[in-house]
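Novice: Compact mmCIF, C-alpha atoms and all ligand atoms, saved as final_20.txt, coming up:
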```txt
# COMPACT_ATOMS: atom_id res chain seq x y z
CA MET E 1 100.16 141.31 93.99
CA LYS E 2 97.16 141.84 96.14
CA LYS E 3 96.37 145.13 94.58
CA ARG E 4 93.14 143.74 93.26
CA PHE E 5 92.10 142.58 96.70
CA LEU E 6 93.08 145.82 98.37
CA SER E 7 91.32 147.98 95.87
CA PHE E 8 88.26 145.82 95.88
CA ILE E 9 88.02 145.75 99.67
CA ALA E 10 88.50 149.47 99.75
CA PHE E 11 85.73 149.88 97.26
CA ALA E 12 83.55 147.29 98.96
CA LEU E 13 84.00 148.87 102.35
CA PHE E 14 83.12 152.20 100.88
CA ALA E 15 80.12 150.92 99.05
CA GLY E 16 78.94 148.71 101.91
CA LEU E 17 79.16 145.72 99.60
CA LEU E 18 81.10 143.47 101.91
CA PHE E 19 78.38 141.08 102.84
CA SER E 20 76.26 141.45 99.80
CA GLN E 21 75.72 138.66 97.31
CA GLU E 22 78.33 139.99 94.89
CA GLN E 23 78.92 137.07 92.57
CA GLN E 24 82.69 137.31 92.22
CA TRP E 25 83.21 137.18 95.98
CA ILE E 26 80.62 134.72 97.16
CA PHE E 27 81.41 131.20 96.03
CA THR E 28 79.86 127.82 95.67
CA PRO E 29 82.08 124.74 95.35
CA GLN E 30 81.45 124.80 91.61
CA THR E 31 82.51 128.40 91.09
CA VAL E 32 85.87 128.17 92.87
CA ALA E 33 88.56 128.21 90.19
CA ASN E 34 90.19 124.78 89.99
CA PRO E 35 94.00 125.09 90.18
CA LYS E 36 94.22 121.94 88.10
CA ASP E 37 92.50 122.26 84.74
CA ALA E 38 93.45 122.27 81.10
CA THR E 39 95.89 125.12 81.51
CA HIS E 40 96.86 125.11 85.19
CA ASN E 41 98.62 122.57 87.37
CA GLY E 42 98.87 124.27 90.73
CA TRP E 43 97.63 123.62 94.24
CA ILE E 44 96.22 126.94 95.37
CA SER E 45 92.97 128.57 94.46
CA ASP E 46 92.93 132.17 95.60
CA PRO E 47 90.42 133.84 93.28
CA ASN E 48 90.27 137.06 95.32
CA ASP E 49 94.07 137.43 95.53
CA ILE E 50 94.11 137.41 99.30
CA LEU E 51 97.53 135.71 99.47
CA ASP E 52 100.52 137.49 97.96
CA ARG E 53 103.00 135.90 95.59
CA ASN E 54 105.55 134.98 98.26
CA ALA E 55 103.03 133.21 100.44
CA GLU E 56 101.70 131.33 97.42
CA ALA E 57 105.22 130.26 96.42
CA PHE E 58 105.87 129.02 99.95
CA ILE E 59 102.63 127.03 100.10
CA ASP E 60 103.15 125.78 96.57
CA SER E 61 106.55 124.35 97.50
CA ILE E 62 105.04 122.54 100.49
CA CYS E 63 102.37 121.03 98.25
CA TRP E 64 104.92 119.84 95.73
CA VAL E 65 107.06 118.26 98.42
CA LEU E 66 104.03 116.44 99.81
CA LYS E 67 103.13 115.19 96.33
CA LYS E 68 106.62 114.12 95.38
CA GLY E 69 107.61 112.84 98.82
CA VAL E 70 104.58 110.96 100.07
CA ASP E 71 102.07 111.16 97.19
CA VAL E 72 99.67 113.35 99.15
CA GLU E 73 97.67 116.01 97.31
CA MET E 74 97.06 119.16 99.31
CA ALA E 75 94.69 121.74 97.91
CA VAL E 76 94.57 125.24 99.39
CA VAL E 77 91.48 127.34 98.85
CA VAL E 78 91.28 130.89 100.08
CA ILE E 79 88.10 132.80 99.27
CA TRP E 80 86.38 135.89 100.46
CA SER E 81 83.09 134.21 101.29
CA PHE E 82 80.60 131.51 100.39
CA ASP E 83 76.86 131.22 100.22
CA GLU E 84 76.02 130.77 103.88
CA GLU E 85 72.37 130.06 103.21
CA ARG E 86 73.24 126.91 101.34
CA TYR E 87 76.47 125.80 103.03
CA ASP E 88 78.41 125.75 106.20
CA ALA E 89 82.20 125.33 106.04
CA PHE E 90 81.98 121.53 106.45
CA ASP E 91 79.43 121.04 103.66
CA PHE E 92 81.32 123.43 101.40
CA CYS E 93 84.60 121.57 101.90
CA GLN E 94 83.02 118.14 101.57
CA GLU E 95 81.37 119.07 98.29
CA LEU E 96 84.44 120.85 96.92
CA PHE E 97 86.75 117.99 97.94
CA ASN E 98 84.78 115.37 96.10
CA TYR E 99 83.92 117.70 93.19
CA TRP E 100 87.61 118.15 92.44
CA GLY E 101 88.61 114.67 93.63
CA ILE E 102 91.57 115.75 95.72
CA GLY E 103 94.06 112.96 96.46
CA SER E 104 95.45 110.27 94.26
CA ALA E 105 95.77 106.55 95.02
CA GLY E 106 94.23 105.69 98.35
CA ASN E 107 92.35 109.01 98.70
CA LYS E 108 95.40 110.67 100.17
CA GLY E 109 94.18 114.22 99.85
CA VAL E 110 93.73 117.17 102.17
CA LEU E 111 92.01 120.50 101.66
CA VAL E 112 92.95 123.64 103.58
CA PHE E 113 90.09 126.06 103.39
CA LEU E 114 89.89 129.70 104.46
CA SER E 115 86.86 131.88 104.04
CA VAL E 116 87.69 135.39 105.24
CA ALA E 117 84.32 137.08 105.55
CA THR E 118 82.64 134.14 107.28
CA SER E 119 85.70 133.61 109.55
CA ASP E 120 85.96 129.93 108.61
CA ILE E 121 89.14 127.92 108.66
CA ARG E 122 89.02 124.19 108.00
CA ILE E 123 91.32 121.25 107.31
CA HIS E 124 89.31 118.67 105.36
CA THR E 125 90.93 115.26 105.02
CA GLY E 126 90.51 112.54 102.43
CA ALA E 127 89.49 109.05 103.42
CA GLY E 128 93.09 107.81 103.13
CA LEU E 129 94.51 110.39 105.54
CA GLU E 130 92.11 110.02 108.43
CA GLY E 131 94.62 107.75 110.18
CA LEU E 132 97.60 110.10 109.93
CA LEU E 133 95.61 113.34 110.19
CA PRO E 134 92.84 112.45 112.63
CA ASP E 135 90.32 115.13 113.51
CA ALA E 136 92.07 115.81 116.83
CA VAL E 137 95.37 116.54 115.07
CA CYS E 138 93.65 118.83 112.55
CA TYR E 139 91.96 120.63 115.41
CA GLN E 140 95.30 121.05 117.17
CA ILE E 141 96.96 122.46 114.03
CA ILE E 142 94.15 124.97 113.62
CA SER E 143 94.23 125.96 117.30
CA ASP E 144 97.99 126.52 117.10
CA ASN E 145 97.67 128.94 114.19
CA LYS E 146 94.26 130.49 114.51
CA ARG E 147 95.50 133.66 116.21
CA HIS E 148 97.13 134.85 112.97
CA LEU E 149 93.75 134.64 111.28
CA SER E 150 92.01 136.40 114.18
CA GLU E 151 94.55 139.19 113.98
CA GLY E 152 93.93 139.45 110.27
CA LYS E 153 90.24 139.79 110.92
CA GLU E 154 90.83 142.50 113.56
CA PHE E 155 92.92 144.51 111.08
CA LEU E 156 90.14 144.11 108.54
CA ASN E 157 87.64 145.56 111.01
CA LYS E 158 90.00 148.46 111.72
CA ALA E 159 90.31 149.05 108.00
CA TYR E 160 86.55 149.27 107.87
CA GLU E 161 86.54 151.90 110.66
CA TYR E 162 89.26 153.98 108.96
CA LYS E 163 87.38 153.77 105.71
CA GLN E 164 84.29 155.13 107.48
CA GLN E 165 86.46 158.01 108.72
CA GLY E 166 87.71 158.59 105.21
CA ASN E 167 91.35 157.87 106.08
CA ASP E 168 92.47 156.03 102.93
CA SER E 169 96.12 155.76 103.89
CA LEU E 170 95.42 154.04 107.22
CA THR E 171 92.76 151.91 105.58
CA ASN E 172 95.31 150.55 103.16
CA ASP E 173 97.82 149.95 105.94
CA MET E 174 95.25 147.99 107.89
CA LEU E 175 94.25 145.95 104.85
CA TYR E 176 97.88 145.11 104.24
CA GLN E 177 98.25 143.94 107.86
CA ALA E 178 95.04 141.92 107.52
CA CYS E 179 96.39 140.08 104.50
CA MET E 180 99.62 139.35 106.36
CA GLY E 181 97.61 137.66 109.09
CA PHE E 182 95.70 135.50 106.64
CA GLU E 183 98.88 134.56 104.76
CA LEU E 184 100.68 133.63 107.93
CA GLY E 185 97.78 131.58 109.27
CA VAL E 186 97.30 129.56 106.06
CA SER E 187 101.03 129.11 105.48
CA MET E 188 101.64 127.85 109.00
CA ILE E 189 98.70 125.45 108.83
CA CYS E 190 100.04 124.02 105.55
CA TYR E 191 103.48 123.76 107.07
CA ASP E 192 102.21 121.93 110.16
CA ILE E 193 100.27 119.49 107.98
CA SER E 194 103.39 118.69 105.97
CA GLU E 195 105.40 118.27 109.19
CA THR E 196 102.81 115.75 110.40
CA LEU E 197 102.87 113.82 107.13
CA MET E 198 106.64 113.85 106.66
CA THR E 199 107.72 112.18 109.89
CA ASP E 200 109.53 108.88 109.39
CA GLU E 201 106.56 106.85 110.64
CA ALA E 202 104.07 108.73 108.50
CA ARG E 203 106.24 108.39 105.42
CA GLN E 204 106.60 104.66 105.93
CA GLU E 205 102.85 104.35 106.13
CA LEU E 206 102.19 106.62 103.16
CA ILE E 207 104.86 105.24 100.85
CA LEU E 208 105.08 101.60 101.88
CA GLY E 209 101.50 101.27 102.99
CA TRP E 210 102.21 99.80 106.38
CA LYS E 211 102.16 101.10 109.89
CA PRO E 212 105.14 100.53 112.11
CA LYS E 213 103.97 98.28 114.94
CA PRO E 214 103.68 99.92 118.33
CA ILE E 215 106.43 98.60 120.59
CA ASP E 216 104.18 97.44 123.38
CA THR E 217 102.09 94.93 121.39
CA SER E 218 102.04 91.45 122.86
CA PHE E 219 103.78 89.77 119.94
CA SER E 220 106.61 91.19 117.92
CA TRP E 221 107.65 89.85 114.54
CA TRP E 222 110.49 88.02 116.26
CA ASP E 223 108.11 86.27 118.62
CA TRP E 224 106.07 85.04 115.68
CA TYR E 225 109.27 83.99 113.94
CA PHE E 226 110.34 81.86 116.88
CA ILE E 227 106.89 80.33 117.22
CA LEU E 228 107.01 79.50 113.51
CA ALA E 229 110.51 78.09 113.89
CA PHE E 230 109.34 75.91 116.78
CA ILE E 231 106.41 74.54 114.76
CA VAL E 232 108.50 73.99 111.62
CA PHE E 233 111.35 72.22 113.38
CA THR E 234 109.01 70.05 115.45
CA TRP E 235 107.23 69.03 112.26
CA LEU E 236 110.56 68.48 110.52
CA GLY E 237 111.84 66.34 113.39
CA VAL E 238 108.75 64.12 113.26
CA LYS E 239 108.90 63.91 109.48
CA MET E 240 112.59 62.98 109.33
CA SER E 241 112.45 60.42 112.12
CA LYS E 242 109.47 58.79 110.38
CA ALA E 243 111.41 58.72 107.11
CA GLU E 244 114.44 57.14 108.75
CA PRO E 245 114.95 53.60 107.32
CA LYS E 246 114.41 50.78 109.82
CA GLN E 247 117.09 48.26 110.60
CA GLU E 248 115.56 45.61 108.28
CA GLU E 249 115.27 48.10 105.44
CA LEU E 250 119.03 48.47 105.53
CA LEU E 251 119.53 44.90 104.33
CA LEU E 252 121.39 44.93 101.03
CA GLU E 253 118.28 44.12 98.97
CA THR E 254 116.33 47.15 100.11
CA ARG E 255 119.03 49.49 101.31
CA ALA E 256 119.51 51.49 98.10
CA LYS E 257 115.78 52.19 97.81
CA ALA E 258 115.45 53.16 101.49
CA VAL E 259 118.49 55.43 101.43
CA ASN E 260 117.44 57.07 98.16
CA ASN E 261 113.99 57.77 99.61
CA TYR E 262 115.54 59.21 102.72
CA SER E 263 117.88 61.49 100.81
CA ASP E 264 114.91 62.71 98.73
CA LYS E 265 113.23 63.69 102.02
CA VAL E 266 116.41 65.46 103.13
CA GLN E 267 116.53 67.32 99.82
CA SER E 268 112.92 68.40 100.25
CA THR E 269 113.72 70.28 103.47
CA LEU E 270 116.13 72.61 101.69
CA TRP E 271 113.50 75.17 100.62
CA LEU E 272 113.00 76.00 104.30
CA ALA E 273 116.40 77.67 104.16
CA VAL E 274 114.48 80.68 102.82
CA LEU E 275 112.94 81.09 106.27
CA PHE E 276 115.73 79.74 108.48
CA PRO E 277 118.94 79.84 106.44
CA LEU E 278 121.50 78.89 109.05
CA PRO E 279 119.69 76.15 110.99
CA ILE E 280 118.49 74.47 107.79
CA VAL E 281 121.95 74.49 106.22
CA PHE E 282 123.38 72.88 109.37
CA LEU E 283 120.54 70.37 109.49
CA TYR E 284 121.01 69.60 105.82
CA PHE E 285 124.67 68.73 106.20
CA PHE E 286 123.97 66.74 109.35
CA LEU E 287 121.31 64.69 107.54
CA ARG E 288 123.56 64.22 104.51
CA LYS E 289 126.23 62.82 106.78
CA HIS E 290 123.62 60.62 108.42
CA THR E 291 122.56 59.35 104.97
CA GLY E 292 126.18 58.49 104.22
CA GLU E 293 126.39 56.47 107.43
CA MET E 294 123.37 54.42 106.39
CA ARG E 295 125.25 53.31 103.29
CA LEU E 296 128.01 51.98 105.57
CA HIS E 297 125.66 49.90 107.70
CA PRO E 298 127.23 46.38 108.09
CA ALA E 299 125.89 43.71 105.76
CA ASN E 300 125.94 39.90 105.63
CA CYS E 301 126.20 37.62 102.62
CA ASN E 302 122.96 36.26 101.19
CA SER E 303 124.40 32.86 100.40
CA CYS E 304 126.77 32.08 103.24
CA GLY E 305 125.74 34.59 105.86
CA LYS E 306 129.28 35.80 106.43
CA LYS E 307 130.28 39.43 106.80
CA MET E 308 130.58 41.49 103.66
CA THR E 309 133.01 44.35 103.10
CA LEU E 310 132.57 47.52 101.08
CA LEU E 311 135.13 47.63 98.27
CA PRO E 312 137.14 50.86 98.06
CA GLN E 313 136.23 53.10 95.12
CA THR E 314 139.11 52.16 92.87
CA SER E 315 139.09 51.44 89.17
CA ASP E 316 139.69 47.84 90.16
CA ARG E 317 136.29 47.72 91.78
CA ASP E 318 134.56 48.98 88.62
CA GLN E 319 134.86 45.57 86.99
CA TYR E 320 131.77 44.59 88.97
CA LEU E 321 129.72 47.38 87.37
CA THR E 322 127.78 46.94 84.14
CA ASP E 323 128.61 49.17 81.18
CA ILE E 324 125.55 51.30 81.81
CA GLN E 325 126.52 51.70 85.47
CA LYS E 326 130.03 52.74 84.45
CA LYS E 327 128.50 55.43 82.24
CA GLU E 328 126.21 56.57 85.04
CA LYS E 329 129.17 56.79 87.38
CA GLU E 330 131.15 58.75 84.81
CA LEU E 331 128.26 61.21 84.34
CA GLY E 332 127.69 61.51 88.07
CA SER E 333 124.02 60.64 87.79
CA ARG E 334 124.52 57.65 90.06
CA SER E 335 127.08 56.44 92.52
CA PHE E 336 127.71 52.81 93.43
CA ASP E 337 128.71 50.77 96.42
CA VAL E 338 130.11 47.31 95.75
CA TRP E 339 129.83 44.86 98.67
CA GLN E 340 131.81 41.64 98.58
CA CYS E 341 131.53 38.59 100.80
CA GLU E 342 134.81 37.96 102.63
CA ASP E 343 134.26 34.26 102.30
CA CYS E 344 132.51 33.30 99.03
CA LYS E 345 133.52 36.52 97.21
CA GLN E 346 130.00 37.04 95.90
CA THR E 347 129.36 40.73 95.10
CA HIS E 348 126.33 42.94 95.48
CA VAL E 349 126.12 46.34 93.74
CA LEU E 350 124.02 49.09 95.30
CA SER E 351 122.99 52.05 93.19
CA TYR E 352 122.48 55.46 94.83
CA LYS E 353 121.57 58.83 93.42
CA GLY E 354 124.64 60.71 92.29
CA LYS E 355 125.51 64.40 92.71
CA LYS E 356 124.26 65.21 89.21
CA ASN E 357 121.24 62.93 89.36
CA SER E 358 118.79 65.75 88.67
CA SER E 359 120.54 66.59 85.39
CA TYR E 360 119.71 63.24 83.80
CA LEU E 361 116.52 61.48 82.84
CA GLU E 362 116.09 57.77 82.68
CA CYS E 363 116.69 56.62 79.10
CA THR E 364 113.51 55.17 77.59
CA LYS E 365 115.53 52.64 75.60
CA CYS E 366 118.38 51.34 77.77
CA GLY E 367 116.99 52.41 81.18
CA GLY E 368 120.19 54.12 82.35
CA ALA E 369 120.15 57.44 84.18
CA THR E 370 122.09 58.71 81.21
CA SER E 371 119.70 60.83 79.15
CA GLY E 372 121.11 64.36 79.17
CA PHE E 373 119.62 67.67 78.07
CA VAL E 374 120.42 68.73 74.50
CA SER E 375 118.09 71.48 73.40
CA ASN E 376 115.04 73.46 74.30
CA THR E 377 112.59 74.64 71.64
CA ILE E 378 109.77 77.02 72.42
CA MET E 379 106.91 75.82 70.24
CA GLU E 380 104.39 78.43 71.23
CA LYS E 381 105.13 81.55 73.26
CA ALA E 382 102.99 82.37 76.24
CA THR E 383 100.86 85.49 75.90
CA THR E 384 98.74 87.40 78.36
CA TYR E 385 95.77 85.41 77.04
CA ARG E 386 97.04 81.86 77.00
CA SER E 387 99.89 79.68 78.12
CA GLY E 388 102.48 78.40 75.67
CA TYR E 389 104.57 75.26 75.52
CA GLY E 390 108.04 74.10 74.67
CA ILE E 391 109.86 70.86 74.02
CA LYS E 392 113.10 69.78 75.66
CA THR E 393 115.19 67.18 73.87
CA TYR E 394 117.36 64.70 75.76
CA CYS E 395 119.92 62.30 74.33
CA CYS E 396 121.23 59.16 76.01
CA ALA E 397 124.99 59.26 76.55
CA PHE E 398 125.05 55.49 76.60
CA CYS E 399 122.87 54.26 73.73
CA GLY E 400 122.26 57.50 71.83
CA ALA E 401 118.46 57.28 71.98
CA THR E 402 116.68 60.63 72.07
CA GLN E 403 113.54 61.54 73.92
CA THR E 404 111.49 64.71 74.09
CA VAL E 405 109.61 66.22 77.02
CA LYS E 406 106.83 68.70 76.51
CA TYR E 407 106.41 71.40 79.13
CA ILE E 408 103.98 74.25 79.68
CA ILE E 409 105.00 77.94 79.75
CA PRO E 410 102.62 79.75 82.10
CA LYS E 411 100.44 82.58 80.89
CA ILE E 412 102.03 86.04 81.30
CA GLU E 413 100.53 87.97 84.20
CA GLU E 414 99.61 91.49 83.26
CA SER E 415 101.64 93.73 85.54
CA SER E 416 99.88 96.77 86.91
CA SER E 417 102.82 99.07 86.35
CA SER E 418 102.99 98.50 82.63
CA GLY E 419 99.87 100.48 81.87
CA SER E 420 100.71 103.70 83.63
CA GLY E 421 101.51 105.74 80.58
CA GLY E 422 99.25 108.61 81.42
CA ARG E 423 101.51 110.43 83.85
CA ARG E 424 101.28 114.12 83.46
CA SER E 425 104.10 116.55 83.20
CA SER E 426 104.61 118.83 86.14
CA GLY E 427 105.76 121.76 84.03
CA GLY E 428 104.48 125.13 85.10
CA SER E 429 102.30 126.00 82.17
CA SER E 430 100.83 122.62 81.37
CA GLY E 431 97.55 121.45 82.72
CA GLY E 432 96.87 119.01 85.51
CA SER E 433 94.21 117.19 87.38
CA TRP E 434 93.57 115.98 90.87
CA GLY E 435 93.99 112.28 91.53
CA GLY E 436 90.30 111.55 92.01
CA GLY E 437 90.42 111.06 95.78
CA ARG E 438 87.40 111.05 98.07
CA SER E 439 86.70 112.36 101.50
CA TYR E 440 84.29 110.94 104.05
CA GLY E 441 84.31 114.20 105.92
CA GLY E 442 87.36 113.88 108.13
CA GLY E 443 89.22 116.88 109.50
CA ALA E 444 88.45 119.84 111.70
CA GLY E 445 87.30 123.39 111.31
CA SER E 446 86.85 126.42 113.45
CA LYS E 447 85.66 130.01 113.51
CA PHE E 448 88.36 132.56 114.14
ZN ZN X 1 129.24 34.79 101.05
ZN ZN X 2 120.02 54.76 76.57
```
Written as structure tokens, that's how I'd like the structure from this file.

Specialist:
Amino acid sequence: MKKRFLSFIAFALFAGLLFSQEQQWIFTPQTVANPKDATHNGWISDPNDILDRNAEAFIDSICWVLKKGVDVEMAVVVIWSFDEERYDAFDFCQELFNYWGIGSAGNKGVLVFLSVATSDIRIHTGAGLEGLLPDAVCYQIISDNKRHLSEGKEFLNKAYEYKQQGNDSLTNDMLYQACMGFELGVSMICYDISETLMTDEARQELILGWKPKPIDTSFSWWDWYFILAFIVFTWLGVKMSKAEPKQEELLLETRAKAVNNYSDKVQSTLWLAVLFPLPIVFLYFFLRKHTGEMRLHPANCNSCGKKMTLLPQTSDRDQYLTDIQKKEKELGSRSFDVWQCEDCKQTHVLSYKGKKNSSYLECTKCGGATSGFVSNTIMEKATTYRSGYGIKTYCCAFCGATQTVKYIIPKIEESSSSGSGGRRSSGGSSGGSWGGGRSYGGGAGSKF
């Protein structure tokens, strides 16, 4: 496991090499082995084998959970030392972070960095995590766990003393204890980071991309909803009372037109049910009833001025309808009221929109609302480059005349998810890469 580290340290202590510029132990951001390359797809870079296998497995599992759970990439770098003439811990982390590109979509990456010989511990956050892992939180996490690292360093110094005294057995014991300290410190820091990022609130923000609103803000969603409701219903009230037919419009000559217009306006309020389902449904039925009452408004005869009565909807009454009107009634595209003068028996037929009015077009030949849909032919399919078109054919149920209506099929929007074929396997031996995230230098670091 950490045999290599132990034996090297032992040798280094003996040879006084510890703080020399030995290449294999003094790193630059470019010489740290990338745990994601052509053959590796891990999270931890520990080129000097300072962490043992168990600690690495523990940290590895945390990293995987963060990636799978909230799409955060956490890199863990543990090295013996770095070139202190060229870097401090911040610069080193900043350069390494962006060199690897830790963090996928939204720069959600974090780097945990330990340099043993220089006593540097640092949490370096990507631009997308500065909200959830602000510098103060990173600092707190480090403060909470720093003592393990300090202990590790103390054991390392003891190992150095024992080595000077030539006590190899105690030297090795001390080195083992030192490694335990470093493992514990790094593991606990990784664990605390994952705890911070896996709370319900953090997960909502990371996965859904929105922050839960603090409770004490001045306006909640409900407040806005009620304000919107107030505006919409005020507007609706004004609109509907303006659309209401006036007394003189309800004369027989103009009544059908006025009532049809009004019921179109009623119909046009229905989409608001998306926002206010219950109130709009109630309002809709109220207005429909109101529309029905308008049809019953009393009427007087044109010729003699006497009162007219509305004939009951019996087959008897249908004798006053034309053949086209009978067909329209049968299809449901129109409905009719027949008014008859009580005195001179003159009749007046009023034509209203029927329940199935929207299913029929006006026939171009006979003029009846009797032209029904027959077939739909797509002439040219829409592509991602251009829109297509189709032709709908209608046939008159009264006179048999056909008519065609051309319509446009909108261009197909290219969906962003369709092109994501490049997902990599997470199998142990296959390669990997970081998501290309960037850091603007967030995080916190400390000497231990
Ligand atoms: Zn009359
Ligand atoms: Zn026709």

Novice: So that I can see what lies close to E:Leu206, please list as number ranges by chain the residues with an atom at most 12 Å from it, counting all atoms listed in the file and leaving out residues fewer than 4 positions away in the same chain.

Specialist: E: 66-73, 104-109, 128-133, 196-202, 210-212

Novice: Enumerate as a PyMOL selection string the residues within 10 Å of ligand ZN 1 (chain X), counting all atoms listed in the file.

Specialist: chain E and resi 300-308+340-347

Novice: Residues near stretch 431-445 of chain E, anyone? I mean within 9 Å using only C-alpha atoms, not counting same-chain ones fewer than 2 positions away, as a VMD selection string.

Specialist: chain E and resid 34 to 42 73 89 to 91 93 to 94 97 to 110 113 120 to 130 133 to 140 142 424 to 429 447

Novice: Step by step: start from the point (79.6, 132.4, 105.9) in the file's coordinates, keep every protein, DNA or RNA residue that has an atom no farther than 9 Å from it, count all atoms listed in the file, and write the set as number ranges by chain.

Specialist: E: 81-85, 87-89, 115-120

Novice: What are the nearest atom pairs, with distances in Å to one decimal, for all residues of chain E that come at most 7 Å from ligand ZN 2 (chain X), using all atoms listed in the file, set out by chain and rising residue number as a Markdown table?

Specialist:
```
| residue | atom | partner | partner_atom | distance |
| --- | --- | --- | --- | --- |
| E:Cys363 | CA | X:ZN2 | ZN | 4.6 |
| E:Thr364 | CA | X:ZN2 | ZN | 6.6 |
| E:Lys365 | CA | X:ZN2 | ZN | 5.1 |
| E:Cys366 | CA | X:ZN2 | ZN | 4.0 |
| E:Gly367 | CA | X:ZN2 | ZN | 6.0 |
| E:Gly368 | CA | X:ZN2 | ZN | 5.8 |
| E:Thr370 | CA | X:ZN2 | ZN | 6.4 |
| E:Ser371 | CA | X:ZN2 | ZN | 6.6 |
| E:Cys396 | CA | X:ZN2 | ZN | 4.6 |
| E:Ala397 | CA | X:ZN2 | ZN | 6.7 |
| E:Phe398 | CA | X:ZN2 | ZN | 5.1 |
| E:Cys399 | CA | X:ZN2 | ZN | 4.1 |
| E:Gly400 | CA | X:ZN2 | ZN | 5.9 |
| E:Ala401 | CA | X:ZN2 | ZN | 5.5 |
```

Novice: Could you please determine the separation between atom CA of E:Asp46 and atom CA of E:Gly181 in Å, to one decimal place?

Specialist: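 The value is 15.3 Å.
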
Novice: Between E:Thr309, E:Asn48, E:Leu350, E:Leu149, which has the minimum distance to E:Thr322 (counting only C-alpha atoms)?

Specialist: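 Closest to E:Thr322, using only C-alpha atoms: E:Leu350.
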
Novice: Quick one: what's the axis-aligned box for stretch 317-327 of chain E, all listed atoms, 8 Å on every side, centre and edges in Å to one decimal, as AutoDock Vina command-line options?

Specialist:
```
--center_x 130.9 --center_y 50.0 --center_z 86.5 --size_x 26.7 --size_y 26.8 --size_z 26.6
```
